[in-house]
$ cat protein.txt   # compact mmCIF, C-alpha atoms
# COMPACT_ATOMS: atom_id res chain seq x y z
CA MET A 1 0.70 25.30 -20.21
CA SER A 2 -0.82 27.81 -17.88
CA GLY A 3 0.83 29.14 -14.80
CA ILE A 4 0.76 27.23 -11.58
CA ASP A 5 -1.23 28.65 -8.77
CA PRO A 6 1.22 28.77 -5.84
CA ALA A 7 -1.42 27.32 -3.55
CA LEU A 8 -1.91 24.45 -5.94
CA ARG A 9 1.80 23.93 -6.15
CA ASP A 10 2.04 23.77 -2.38
CA THR A 11 -0.78 21.26 -2.26
CA MET A 12 1.07 19.12 -4.76
CA LEU A 13 4.29 19.34 -2.82
CA ALA A 14 2.50 18.45 0.37
CA ALA A 15 1.22 15.29 -1.27
CA VAL A 16 4.65 14.18 -2.47
CA PRO A 17 5.91 12.28 0.61
CA SER A 18 2.93 9.93 0.63
CA LEU A 19 2.81 9.76 -3.15
CA ARG A 20 6.44 8.78 -3.16
CA ALA A 21 5.91 6.13 -0.49
CA PHE A 22 3.11 4.74 -2.63
CA GLY A 23 5.42 4.72 -5.64
CA ILE A 24 8.13 2.91 -3.70
CA SER A 25 5.59 0.35 -2.52
CA LEU A 26 4.45 -0.25 -6.05
CA CYS A 27 7.72 -0.50 -7.91
CA GLY A 28 9.92 -1.62 -5.06
CA ASN A 29 12.73 0.73 -5.92
CA VAL A 30 13.38 4.23 -4.62
CA ASP A 31 15.09 5.64 -7.71
CA ARG A 32 12.43 4.37 -10.00
CA ALA A 33 9.75 5.64 -7.69
CA ASP A 34 11.32 9.08 -7.82
CA ASP A 35 11.21 9.00 -11.60
CA LEU A 36 7.62 7.94 -11.34
CA VAL A 37 6.81 10.81 -9.00
CA GLN A 38 8.57 13.28 -11.27
CA GLU A 39 6.63 12.08 -14.27
CA THR A 40 3.44 12.22 -12.24
CA LEU A 41 4.07 15.85 -11.29
CA LEU A 42 4.85 16.80 -14.87
CA ARG A 43 1.69 15.15 -16.12
CA ALA A 44 -0.32 16.74 -13.39
CA LEU A 45 1.00 20.17 -14.32
CA ALA A 46 0.39 19.57 -17.99
CA ASN A 47 -3.21 18.65 -17.18
CA ILE A 48 -3.76 20.98 -14.30
CA GLN A 49 -6.83 22.43 -15.97
CA SER A 50 -8.53 19.08 -15.58
CA PHE A 51 -8.05 19.19 -11.84
CA GLN A 52 -11.13 20.46 -10.11
CA PRO A 53 -10.26 22.84 -7.29
CA GLY A 54 -11.69 21.67 -4.03
CA THR A 55 -11.38 18.02 -4.90
CA ASN A 56 -8.72 15.75 -3.50
CA MET A 57 -5.37 16.67 -5.03
CA SER A 58 -3.74 13.73 -3.36
CA ALA A 59 -6.18 11.24 -4.89
CA TRP A 60 -5.71 12.86 -8.29
CA LEU A 61 -1.93 12.52 -8.11
CA PHE A 62 -2.18 8.96 -6.86
CA THR A 63 -4.40 8.15 -9.82
CA ILE A 64 -1.87 9.54 -12.26
CA LEU A 65 1.02 7.75 -10.61
CA ARG A 66 -0.85 4.50 -10.43
CA ASN A 67 -1.77 4.66 -14.11
CA LEU A 68 1.78 5.52 -15.10
CA PHE A 69 3.05 2.61 -13.10
CA ARG A 70 0.51 0.30 -14.64
CA SER A 71 1.25 1.34 -18.19
CA GLU A 72 5.01 1.62 -18.12
CA TYR A 73 6.79 0.61 -15.01
CA ARG A 74 5.04 -2.60 -14.30
CA LYS A 75 6.54 -4.33 -17.30
CA ARG A 76 10.10 -3.73 -16.35
CA ARG A 77 9.97 -4.11 -12.65
CA ARG A 78 11.24 -6.49 -10.04
CA GLU A 79 14.93 -6.90 -10.00
CA VAL A 80 14.13 -6.23 -6.41
CA GLU A 81 14.80 -9.20 -4.23
CA ASP A 82 17.46 -7.25 -2.44
CA PRO A 83 18.50 -9.82 0.15
CA ASP A 84 20.99 -7.49 1.80
CA GLY A 85 18.40 -4.94 2.69
CA SER A 86 20.31 -2.32 0.73
CA TYR A 87 16.89 -1.17 -0.33
CA ALA A 88 16.20 0.30 3.07
CA GLU A 89 19.63 1.89 3.11
CA THR A 90 18.70 4.05 0.17
CA LEU A 91 16.19 5.72 2.42
CA LYS A 92 17.61 8.61 4.34
CA SER A 93 15.60 7.98 7.44
CA GLN A 94 16.50 4.45 8.28
CA PRO A 95 14.29 2.45 10.54
CA GLU A 96 15.85 1.42 13.81
CA GLN A 97 17.49 -1.94 14.04
CA THR A 98 14.61 -3.86 15.56
CA SER A 99 11.86 -2.33 13.51
CA ARG A 100 14.04 -2.79 10.48
CA VAL A 101 13.76 -6.54 10.75
CA GLU A 102 10.02 -6.14 10.78
CA PHE A 103 10.19 -3.64 7.93
CA GLU A 104 12.12 -6.06 5.75
CA GLU A 105 9.94 -9.00 6.62
CA PHE A 106 6.84 -7.02 5.81
CA ARG A 107 8.28 -5.62 2.60
CA VAL A 108 9.16 -9.06 1.32
CA ALA A 109 5.68 -10.36 2.14
CA LEU A 110 4.03 -7.34 0.56
CA ASN A 111 6.00 -7.86 -2.63
CA LYS A 112 4.58 -11.34 -2.93
CA LEU A 113 1.07 -9.98 -3.34
CA PRO A 114 -0.39 -9.45 -6.80
CA ASP A 115 -0.19 -5.81 -7.90
CA ASP A 116 -3.90 -5.18 -7.63
CA GLN A 117 -4.08 -6.50 -4.08
CA ARG A 118 -1.00 -4.64 -2.97
CA GLU A 119 -2.13 -1.29 -4.30
CA ALA A 120 -5.59 -1.69 -2.78
CA LEU A 121 -4.20 -2.62 0.61
CA ILE A 122 -1.75 0.28 0.64
CA LEU A 123 -4.23 2.88 -0.51
CA VAL A 124 -6.78 1.89 2.11
CA GLY A 125 -4.54 0.72 4.92
CA ALA A 126 -1.65 3.15 4.71
CA SER A 127 -2.22 6.08 2.37
CA GLY A 128 -5.40 6.97 4.18
CA PHE A 129 -7.92 6.75 1.36
CA SER A 130 -11.47 5.53 1.77
CA TYR A 131 -12.63 2.47 -0.12
CA GLU A 132 -14.49 4.81 -2.45
CA GLU A 133 -11.43 6.92 -3.15
CA ALA A 134 -9.29 3.83 -3.65
CA ALA A 135 -11.86 2.52 -6.12
CA GLU A 136 -11.66 5.75 -8.08
CA ILE A 137 -7.89 5.70 -8.07
CA CYS A 138 -7.81 2.12 -9.33
CA GLY A 139 -10.72 2.57 -11.70
CA CYS A 140 -12.79 -0.27 -10.30
CA ALA A 141 -15.82 -0.93 -8.14
CA VAL A 142 -15.80 -0.36 -4.39
CA GLY A 143 -16.63 -4.03 -3.85
CA THR A 144 -13.61 -5.01 -5.90
CA ILE A 145 -11.36 -2.93 -3.69
CA LYS A 146 -12.88 -4.47 -0.59
CA SER A 147 -12.32 -7.98 -1.79
CA ARG A 148 -8.78 -7.19 -2.90
CA VAL A 149 -8.01 -5.73 0.50
CA ASN A 150 -9.47 -8.79 2.19
CA ARG A 151 -7.50 -11.15 0.04
CA ALA A 152 -4.35 -9.13 0.60
CA ARG A 153 -4.82 -9.29 4.37
CA THR A 154 -5.50 -12.99 4.30
CA ARG A 155 -2.43 -13.63 2.20
CA LEU A 156 -0.25 -11.45 4.38
CA SER A 157 -1.45 -13.10 7.56
CA GLY A 158 -0.32 -16.39 6.08
CA LEU A 159 3.00 -15.07 4.82
CA LEU A 160 3.75 -13.37 8.11
CA SER A 161 2.39 -16.27 10.16
CA ILE A 162 -0.12 -14.14 11.97
CA ASP A 163 -2.81 -16.76 12.00
CA THR A 164 -4.19 -16.68 15.46
CA ALA A 165 -4.21 -14.31 18.34
CA ASP A 166 -1.66 -16.58 20.02
CA ASP A 167 0.88 -15.88 17.36
CA PHE A 168 0.94 -12.33 18.50
CA GLY A 169 2.61 -13.01 21.74
CA PRO A 170 6.26 -12.98 20.88
CA ASP A 171 6.47 -10.20 18.36
CA ILE A 172 9.43 -9.85 16.09
CA THR A 173 11.40 -7.90 18.63
CA THR A 174 10.86 -10.50 21.30
CA ARG A 175 11.60 -13.27 18.88
CA SER A 176 14.93 -11.78 17.95
CA VAL A 177 15.71 -11.48 21.65
CA LEU A 178 14.72 -15.08 22.15
CA ALA A 179 16.91 -16.00 19.23
CA GLY A 180 19.91 -14.81 21.16
CA ASN A 181 20.22 -11.17 20.27
CA ASP A 182 20.03 -10.16 23.91
CA ARG A 183 23.31 -9.24 25.39
CA PRO A 184 24.57 -10.69 28.66
CA MET B 185 -28.35 -51.97 3.56
CA THR B 186 -30.67 -49.65 1.81
CA GLU B 187 -32.52 -49.15 5.06
CA ARG B 188 -29.57 -47.50 6.68
CA LYS B 189 -29.31 -44.74 4.21
CA PRO B 190 -32.55 -42.88 4.72
CA PRO B 191 -31.92 -42.12 8.40
CA GLU B 192 -28.31 -41.21 7.60
CA LYS B 193 -29.09 -38.81 4.85
CA PRO B 194 -30.82 -36.17 6.88
CA GLN B 195 -28.08 -36.42 9.46
CA LEU B 196 -25.48 -35.94 6.82
CA MET B 197 -27.37 -33.05 5.34
CA ASP B 198 -27.60 -31.58 8.78
CA THR B 199 -23.94 -31.91 9.34
CA ILE B 200 -23.09 -30.51 5.95
CA SER B 201 -25.35 -27.54 6.25
CA THR B 202 -24.09 -26.83 9.74
CA LYS B 203 -20.54 -27.18 8.60
CA SER B 204 -20.96 -25.07 5.55
CA THR B 205 -22.53 -22.35 7.60
CA ALA B 206 -19.72 -22.57 10.08
CA ALA B 207 -17.22 -22.66 7.29
CA ARG B 208 -18.77 -19.64 5.74
CA GLN B 209 -18.68 -17.80 9.01
CA GLY B 210 -15.20 -19.09 9.56
CA LYS B 211 -14.13 -17.75 6.23
CA ASP B 212 -15.54 -14.33 6.89
CA ALA B 213 -14.01 -14.27 10.31
CA SER B 214 -10.86 -16.09 9.31
CA LEU B 215 -9.02 -12.92 9.96
CA GLY B 216 -9.86 -11.99 13.48
CA ARG B 217 -9.84 -8.40 14.48
CA ASP B 218 -6.54 -9.02 16.22
CA VAL B 219 -4.90 -10.20 13.04
CA GLN B 220 -6.30 -7.32 11.03
CA VAL B 221 -5.06 -4.85 13.60
CA LYS B 222 -1.63 -6.42 13.60
CA ILE B 223 -1.40 -6.33 9.82
CA GLY B 224 -2.64 -2.77 9.82
CA GLN B 225 0.04 -1.75 12.29
CA GLN B 226 2.78 -3.42 10.32
CA LEU B 227 1.53 -1.92 7.08
CA ARG B 228 1.54 1.58 8.52
CA ALA B 229 4.95 1.07 10.09
CA TYR B 230 6.24 -0.07 6.71
CA TYR B 231 4.66 2.86 4.90
CA ASP B 232 5.83 5.36 7.49
CA GLY B 233 9.32 3.99 6.98
CA LEU B 234 9.07 5.07 3.35
CA ILE B 235 7.93 8.58 4.14
CA GLU B 236 10.62 11.19 3.80
CA PRO B 237 10.51 14.94 3.42
CA THR B 238 9.84 15.98 -0.15
CA PRO B 239 13.15 15.61 -2.00
CA ASP B 240 14.61 18.89 -3.26
CA ARG B 241 14.39 17.77 -6.86
CA PHE B 242 10.63 17.99 -6.71
CA VAL B 243 10.61 21.34 -4.99
CA ASP B 244 13.07 22.59 -7.60
CA LEU B 245 11.06 21.08 -10.41
CA LEU B 246 7.86 22.81 -9.41
CA GLN B 247 9.58 26.09 -8.71
CA LYS B 248 11.41 26.05 -11.99
CA LEU B 249 8.20 25.33 -13.85
CA ASP B 250 6.49 27.96 -11.83
CA LYS B 251 9.01 30.55 -12.97
CA SER B 252 9.04 29.47 -16.56
CA THR B 253 5.29 29.34 -16.82
CA GLY B 254 3.31 31.13 -14.20
CA GLY B 255 5.95 32.97 -12.26
CA LYS B 256 5.25 36.18 -14.11
CA GLY B 257 1.79 36.33 -12.67
CA PRO B 258 -0.41 34.96 -15.42
CA ALA B 259 -3.67 36.61 -14.57
CA GLU B 260 -2.38 40.04 -13.83
$ encode --input "protein.txt" --output "structure tokens"
Amino acid sequence: MSGIDPALRDTMLAAVPSLRAFGISLCGNVDRADDLVQETLLRALANIQSFQPGTNMSAWLFTILRNLFRSEYRKRRREVEDPDGSYAETLKSQPEQTSRVEFEEFRVALNKLPDDQREALILVGASGFSYEEAAEICGCAVGTIKSRVNRARTRLSGLLSIDTADDFGPDITTRSVLAGNDRP
Amino acid sequence: MTERKPPEKPQLMDTISTKSTAARQGKDASLGRDVQVKIGQQLRAYYDGLIEPTPDRFVDLLQKLDKSTGGKGPAE
């Protein structure tokens, strides 16, 4: 193993928060995601010579993590129904009460998507990758990513009951107020 | 009986082709921009909720490896 260029190390560290969020989204468990990130970093370091300087470090790490997840973690995942929301409590920065309802609702819906749709949607819609980058990370065609993202959105809109513009009106916050959470 | 069908057929065809076009358009547009925006917002809010500062274990890991491998200044 050759030495780590400090600049490279810093780039890797800078990518960790998003990489970790991606890992949590994939495996649905913070501890496991951390193991996944650790293994990703170790593999990245072991293969650092195959990283081309100037290319996207973040995309490279995401690719490694995604492949690790696919090959190992996927098989033994999903004891994660977590009805109490203790999942979110393992995060240090807890969402506020109102947004937490939305967070949980969204998380549950997201977990109902097939793996390939979920990863595509997250990469493009949250991690900030282009369709092309997401295709490289997932090792598939750009068109495949696009259709997975579309299917994921369609499925989510159904699961979250966001079917028409009208359904927007009372958002989750308002709904919880309407449901009697407002104080006299 | 058989006389009715010929005039009906083109009508039916018309309807079908119109419908299928509409259906196709409807399918493409089944997620309005509004819905896509809303999902996008919720997705980012969810993801942002998962973002935390890099845990120390990873900083330590990379620093430890740095010392044990490249910390001595490999190229110099």
$ closest_residue --input "protein.txt" --among "A:Ala14, A:Ile162, A:Leu36, A:Ala46" --to "Leu249 in chain B" --atoms "only C-alpha atoms"
A:Ala46
$ atom_distance --input "protein.txt" --atom1 "CA of Gln52 in chain A" --atom2 "CA of Thr11 in chain A"
13.0 Å
$ closest_residue --input "protein.txt" --among "A:Val16, A:Val149, A:Ala33, A:Val101" --to "Leu123 in chain A" --atoms "only C-alpha atoms"
A:Val149
$ atom_distance --input "protein.txt" --atom1 "CA of Gln49 in chain A" --atom2 "CA of Ala15 in chain A"
18.2 Å
$ residues_around --input "protein.txt" --residues "Ile137 in chain A" --least-positions-apart "6" --cutoff "10 Å" --atoms "all atoms listed in the file" --output "list in words"
Ala59, Trp60, Leu61, Phe62, Thr63, Ile64, Leu65, Arg66, Asn67, Glu119, Ala120, Leu123, Phe129 and Tyr131 of chain A
$ interface_residues --input "protein.txt" --of "chain A" --to "chain B" --cutoff "6 Å" --atoms "all atoms listed in the file" --output "MDAnalysis selection string"
chainID A and resid 3:4 16:17 21 103 126
$ atom_distance --input "protein.txt" --atom1 "CA of Ser127 in chain A" --atom2 "CA of Phe22 in chain A"
7.4 Å
$ closest_residue --input "protein.txt" --among "A:Met12, A:Gly23, A:Asn56, A:Gly158" --to "Lys112 in chain A" --atoms "all atoms listed in the file"
A:Gly158
$ closest_residue --input "protein.txt" --among "A:Arg32, A:Arg43, A:Arg9, A:Arg153" --to "Leu110 in chain A" --atoms "only C-alpha atoms"
A:Arg153
